[in-house]
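For reference, final_28.txt is printed below; it contains compact mmCIF, C-alpha atoms and all ligand atoms.
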```txt
# COMPACT_ATOMS: atom_id res chain seq x y z
CA MET A 17 -11.85 -6.80 -18.90
CA GLN A 18 -13.07 -3.36 -18.00
CA LEU A 19 -11.56 -1.19 -15.30
CA LEU A 20 -13.91 1.42 -13.87
CA TYR A 21 -11.59 4.22 -12.81
CA THR A 22 -10.86 7.93 -12.66
CA LYS A 23 -7.77 9.61 -14.08
CA ARG A 24 -6.73 10.87 -10.65
CA SER A 25 -7.25 7.81 -8.48
CA PRO A 26 -3.99 6.42 -7.07
CA TYR A 27 -5.77 3.15 -6.24
CA ALA A 28 -6.82 2.70 -9.86
CA ARG A 29 -3.34 3.72 -10.99
CA LYS A 30 -1.83 0.79 -9.06
CA ALA A 31 -4.04 -1.62 -10.99
CA GLN A 32 -3.33 0.10 -14.31
CA VAL A 33 0.44 -0.02 -13.74
CA MET A 34 0.23 -3.72 -12.83
CA ALA A 35 -1.71 -4.48 -16.02
CA LEU A 36 0.59 -2.41 -18.25
CA GLU A 37 3.71 -4.03 -16.80
CA LYS A 38 2.24 -7.50 -17.36
CA ASN A 39 0.93 -6.63 -20.82
CA ILE A 40 -2.67 -7.34 -19.87
CA PRO A 41 -5.16 -5.25 -21.84
CA LEU A 42 -7.76 -3.34 -19.82
CA GLU A 43 -10.63 -1.38 -21.28
CA LEU A 44 -10.69 1.82 -19.23
CA ILE A 45 -14.13 3.19 -18.37
CA GLU A 46 -13.98 6.61 -16.74
CA GLU A 47 -16.44 7.20 -13.89
CA ASP A 48 -17.90 10.43 -12.54
CA LEU A 49 -17.84 9.97 -8.77
CA LEU A 50 -20.36 12.78 -8.28
CA LYS A 51 -22.83 10.92 -10.47
CA LYS A 52 -22.07 7.23 -10.12
CA SER A 53 -23.17 5.07 -13.02
CA PRO A 54 -25.48 2.06 -12.61
CA THR A 55 -22.56 0.01 -13.96
CA LEU A 56 -20.33 1.10 -11.08
CA LEU A 57 -23.01 0.53 -8.46
CA ALA A 58 -23.70 -2.92 -9.89
CA ALA A 59 -20.00 -3.76 -9.98
CA ASN A 60 -19.26 -2.42 -6.51
CA PRO A 61 -22.10 -1.70 -4.05
CA LEU A 62 -19.66 0.56 -2.18
CA GLY A 63 -19.72 2.84 -5.22
CA LYS A 64 -15.94 3.13 -5.23
CA ILE A 65 -13.43 2.88 -8.01
CA PRO A 66 -11.44 0.97 -9.04
CA ALA A 67 -13.72 -1.92 -9.90
CA LEU A 68 -12.79 -4.58 -12.40
CA ILE A 69 -15.47 -6.23 -14.55
CA LEU A 70 -14.32 -9.60 -15.82
CA ASP A 71 -15.20 -11.02 -19.22
CA ASP A 72 -17.83 -13.29 -17.64
CA GLY A 73 -19.52 -10.27 -16.01
CA GLN A 74 -18.28 -10.88 -12.48
CA SER A 75 -16.67 -7.95 -10.73
CA LEU A 76 -13.75 -7.49 -8.37
CA PHE A 77 -12.88 -4.72 -5.91
CA ASP A 78 -11.06 -3.12 -4.14
CA SER A 79 -7.59 -2.31 -5.52
CA PRO A 80 -5.64 -4.93 -3.50
CA VAL A 81 -8.01 -7.65 -4.75
CA ILE A 82 -7.79 -6.36 -8.32
CA CYS A 83 -3.99 -6.26 -8.15
CA GLU A 84 -3.88 -9.85 -6.85
CA TYR A 85 -6.17 -10.93 -9.68
CA ILE A 86 -4.15 -9.16 -12.37
CA ASP A 87 -0.97 -10.71 -10.99
CA SER A 88 -2.53 -14.17 -11.15
CA LEU A 89 -3.17 -13.86 -14.91
CA ASN A 90 0.40 -14.40 -16.06
CA ASN A 91 3.92 -14.64 -14.72
CA ALA A 92 5.58 -12.09 -16.96
CA PRO A 93 6.60 -10.74 -14.51
CA ILE A 94 5.21 -11.99 -11.19
CA LEU A 95 4.69 -8.86 -9.11
CA ILE A 96 3.66 -10.58 -5.85
CA PRO A 97 6.22 -13.39 -5.58
CA SER A 98 5.15 -15.87 -2.91
CA ALA A 99 8.44 -15.72 -1.00
CA GLN A 100 7.90 -11.99 -0.32
CA ARG A 101 4.12 -12.04 -0.34
CA PHE A 102 3.41 -10.69 3.14
CA ALA A 103 6.17 -8.10 3.06
CA ILE A 104 4.76 -6.86 -0.27
CA LEU A 105 1.16 -6.80 0.98
CA ARG A 106 2.35 -4.92 4.07
CA TRP A 107 3.97 -2.27 1.86
CA GLN A 108 0.79 -2.07 -0.17
CA ALA A 109 -1.22 -1.53 3.02
CA LEU A 110 1.14 1.27 4.05
CA ALA A 111 0.90 2.91 0.64
CA ASP A 112 -2.89 2.55 0.57
CA GLY A 113 -3.04 4.19 4.01
CA LEU A 114 -0.99 7.07 2.64
CA MET A 115 -3.46 7.37 -0.24
CA ASP A 116 -6.39 7.28 2.23
CA ALA A 117 -4.87 10.13 4.28
CA THR A 118 -4.13 12.23 1.18
CA VAL A 119 -7.62 11.71 -0.25
CA ALA A 120 -9.13 12.63 3.15
CA MET A 121 -6.99 15.78 3.27
CA TYR A 122 -8.05 16.79 -0.23
CA LEU A 123 -11.75 16.12 0.44
CA GLU A 124 -11.72 18.09 3.71
CA LYS A 125 -10.36 21.13 1.85
CA VAL A 126 -12.78 20.74 -1.07
CA ARG A 127 -15.86 20.20 1.08
CA HIS A 128 -15.03 22.86 3.64
CA PRO A 129 -12.88 25.41 1.79
CA LEU A 130 -13.62 28.17 4.30
CA ASP A 131 -14.05 26.25 7.54
CA PHE A 132 -11.93 23.12 7.18
CA ASN A 133 -10.87 21.47 10.41
CA PRO A 134 -7.22 22.52 10.99
CA LYS A 135 -6.66 19.91 13.70
CA TYR A 136 -7.86 17.14 11.42
CA LEU A 137 -5.63 18.37 8.59
CA GLN A 138 -2.68 18.65 10.96
CA HIS A 139 -3.29 15.08 12.11
CA LEU A 140 -3.30 13.88 8.48
CA ASP A 141 -0.14 15.90 7.72
CA ILE A 142 1.67 14.28 10.63
CA ASN A 143 0.42 10.87 9.59
CA CYS A 144 1.68 11.31 6.02
CA GLY A 145 5.01 12.67 7.29
CA LEU A 146 5.56 9.57 9.43
CA VAL A 147 4.87 7.29 6.49
CA LEU A 148 7.13 9.26 4.13
CA GLN A 149 9.92 9.17 6.71
CA TYR A 150 9.41 5.41 7.06
CA CYS A 151 9.73 5.02 3.28
CA GLU A 152 12.88 7.17 3.30
CA GLU A 153 14.46 4.93 5.95
CA HIS A 154 13.38 1.59 4.49
CA LEU A 155 13.82 2.34 0.80
CA ALA A 156 16.22 -0.58 0.35
CA GLU A 157 13.20 -2.90 0.75
CA LEU A 158 11.73 -1.41 -2.42
CA ALA A 159 14.70 -2.23 -4.61
CA ASP A 160 12.85 -5.04 -6.41
CA PHE A 161 10.12 -4.17 -8.87
CA SER A 162 6.89 -5.52 -7.37
CA LEU A 163 3.44 -4.51 -6.17
CA ALA A 164 5.25 -2.99 -3.16
CA SER A 165 7.27 -0.51 -5.20
CA ILE A 166 4.32 0.20 -7.52
CA SER A 167 2.07 0.97 -4.54
CA VAL A 168 4.56 3.30 -2.87
CA ALA A 169 5.31 5.10 -6.14
CA CYS A 170 1.60 5.67 -6.83
CA ALA A 171 0.99 6.88 -3.25
CA VAL A 172 3.95 9.29 -3.11
CA ASP A 173 3.20 10.62 -6.58
CA TYR A 174 -0.38 11.26 -5.42
CA ILE A 175 1.03 13.31 -2.53
CA ASN A 176 3.04 15.29 -5.09
CA PHE A 177 -0.19 15.86 -7.00
CA ARG A 178 -2.57 16.75 -4.14
CA ALA A 179 -0.39 17.84 -1.23
CA PRO A 180 3.06 18.78 -2.58
CA HIS A 181 3.92 20.71 0.59
CA LEU A 182 4.29 17.34 2.34
CA ASN A 183 7.05 16.24 -0.03
CA ALA A 184 8.79 19.51 -0.89
CA GLU A 185 12.19 19.26 -2.55
CA GLY A 186 14.87 17.97 -0.19
CA MET A 187 12.51 16.68 2.53
CA TYR A 188 13.02 13.00 1.69
CA PRO A 189 15.98 13.03 -0.72
CA LYS A 190 16.40 9.28 -1.14
CA LEU A 191 12.69 8.67 -1.67
CA GLN A 192 12.45 11.58 -4.11
CA ALA A 193 15.39 10.32 -6.18
CA TRP A 194 13.93 6.81 -6.15
CA LEU A 195 10.53 8.07 -7.31
CA ALA A 196 12.07 10.21 -10.06
CA ASP A 197 13.80 7.13 -11.40
CA PHE A 198 10.75 4.87 -10.97
CA SER A 199 8.54 7.44 -12.72
CA THR A 200 10.47 7.08 -15.97
CA ARG A 201 8.78 3.71 -16.53
CA ALA A 202 6.32 3.83 -19.43
CA SER A 203 3.57 2.43 -17.18
CA MET A 204 3.98 5.35 -14.76
CA GLN A 205 4.16 7.93 -17.55
CA GLU A 206 1.04 6.55 -19.18
CA THR A 207 -0.94 6.79 -15.94
CA LEU A 208 0.07 10.23 -14.66
CA PRO A 209 -2.82 11.82 -12.73
CA VAL A 210 -4.73 14.31 -14.88
CA MET A 211 -6.75 17.30 -13.68
N1 LIG B 301 -9.72 0.78 -0.47
C1 LIG B 301 -10.20 1.19 -1.79
C2 LIG B 301 -10.28 2.71 -1.84
C3 LIG B 301 -10.92 3.18 -3.14
C4 LIG B 301 -11.38 4.62 -3.04
O1 LIG B 301 -11.46 5.22 -1.96
N2 LIG B 301 -11.68 5.21 -4.21
C5 LIG B 301 -12.18 6.55 -4.25
C6 LIG B 301 -11.60 7.31 -5.42
S1 LIG B 301 -9.87 7.59 -5.29
C7 LIG B 301 -13.69 6.52 -4.50
O2 LIG B 301 -14.16 5.72 -5.27
N3 LIG B 301 -14.44 7.40 -3.84
C8 LIG B 301 -15.83 7.53 -4.06
C9 LIG B 301 -16.64 7.37 -2.81
O3 LIG B 301 -16.05 7.04 -1.76
O4 LIG B 301 -17.83 7.58 -2.86
C10 LIG B 301 -9.28 0.62 -2.87
O5 LIG B 301 -8.12 0.32 -2.55
O6 LIG B 301 -9.71 0.43 -4.01
```

Could you render the structure from this file as structure tokens?
Amino acid sequence: MQLLYTKRSPYARKAQVMALEKNIPLELIEEDLLKKSPTLLAANPLGKIPALILDDGQSLFDSPVICEYIDSLNNAPILIPSAQRFAILRWQALADGLMDATVAMYLEKVRHPLDFNPKYLQHLDINCGLVLQYCEEHLAELADFSLASISVACAVDYINFRAPHLNAEGMYPKLQAWLADFSTRASMQETLPVM
């Protein structure tokens, strides 16, 4: 299986961490999002990564679908156990929303370095702050290792990478300690975002 990805995408990182944890080999194909390859556009008409190309040539997107597929391949371990399925998918949705807001923030600054929209950025800052505070207060729900904890770890680490002012030291002490511990996993170390 081939994963079309970039080294900075938190969505792709979720899928990579899932595969590493379940010992499922993925061939990583790096994409240039400024010059999308015919392979990417054929695999995902939206032109977004991650996209997963299966051995029979079929493709899957977006990251929640890819993560479900990877989890279905073996049960060592099961990362979306059926008893917690909707709670886990809800956490994933929250984490993906955090990624969306952080990506939007980053793109606004890159595309409009001199005349970015401060109200828009402030709105995204507030949005991210509310989600981080929610994670801080509900951290106990992430005690089990699952797609929920993987998603939140990838999202918060992406904030640290792109918008560290939103998660400065001491702002969310429980969440920060949790992430520091979670980040020692080999799967997280192997997938650190790279400039
Ligand atoms: N909901 C999608 C979001 C994927 C996404 O936004 N990927 C970004 C990179 S981090 C992308 O491909 N952007 C290129 C574009 O939108 O043209 C998922 O979970 O996979």

(request) Within 8 Å of Leu114 in chain A, counting all atoms listed in the file, which residues show up once you throw out same-chain ones fewer than 6 positions away? Write them as a ChimeraX atom specification, please. (result) /A:144,147,171-172

(message) So the first atom is CA of Glu46 in chain A and the second is CA of Tyr21 in chain A; what is the distance between them in Å, to one decimal place?
(response) 5.2 Å

(message) Env of Ala28 in chain A: 8 Å cut, atoms = all atoms listed in the file, seq-sep filter 3 positions within chain, self excluded. Answer as a list in words.
(response) Tyr21, Thr22, Ser25, Ala31, Gln32, Ile65, Pro66 and Ser79 of chain A

(request) Measuring atom to atom with all atoms listed in the file, identify which of A:Ile45, A:Ile82, A:Leu148, A:Ala109 is nearest to Met187 in chain A. (result)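 Of A:Ile45, A:Ile82, A:Leu148, A:Ala109, the one nearest Met187 in chain A, counting all atoms listed in the file, is A:Leu148.
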
(request) Tell me, as a VMD selection string, which residues lie within 10 Å of Leu36 in chain A, counting all atoms listed in the file; anything in the same chain fewer than 6 positions away does not count. (result) chain A and resid 42 202 to 204 206 to 207

(message) Taking only C-alpha atoms and all ligand atoms into account, which residues have an atom no farther than 9 Å from ligand LIG 301 (chain B)? I'd like them as a PyMOL selection string.
(response) chain A and resi 21-22+24-28+49-50+52+62-67+77-82+112-113+115-116+119

Can you tell me, as JSON, the centre and edge lengths (Å, one decimal) of the axis-aligned box enclosing all of range 169-183 of chain A's listed atoms after padding each side by 6 Å?
```
{"center_x": 2.2, "center_y": 12.9, "center_z": -2.3, "size_x": 21.6, "size_y": 27.6, "size_z": 21.3}
```

(request) Give me the residues within 12 Å of Ala117 in chain A as a ChimeraX atom specification, counting only C-alpha atoms and dropping any in the same chain fewer than 4 places off. (result) /A:26,110-113,121-124,136-147,171-172,174-175,178-179,182

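You will find CA of Leu76 in chain A at 21.5 Å from CA of Pro93 in chain A.
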
(message) Just the number, please: distance in Å from CA of Ala169 in chain A to CA of Asn39 in chain A, one decimal.
(response) 19.3 Å

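With only C-alpha atoms as the atoms that count, the minimum distance from His181 in chain A to the choices A:Gln100, A:Thr118, A:Ser199, A:Ser165 is reached by A:Thr118.
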
(message) Using only C-alpha atoms, can you tell me which of A:Val210, A:Glu152, A:Gln74, A:Pro180 comes closest to Gln192 in chain A?
(response)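 Going through A:Val210, A:Glu152, A:Gln74, A:Pro180 one by one, the smallest distance to Gln192 in chain A is for A:Glu152.
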
(message) When you count all atoms listed in the file, which of these residues is closest to Asp173 in chain A: A:Ala103, A:Leu130, A:Ala159, A:Leu195?
(response) A:Leu195

(request) Check the smallest atom-to-atom distance from each of A:Ala58, A:Cys151, A:Met34, A:Leu158 to Ser88 in chain A using only C-alpha atoms, then report the winner. (result) A:Met34

(request) Have a look at A:Asn176, A:Asp197, A:Cys83, A:Lys190 and name the one nearest to Glu37 in chain A; count only C-alpha atoms. (result)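 When distances to Glu37 in chain A are compared using only C-alpha atoms, the smallest one comes from A:Cys83.
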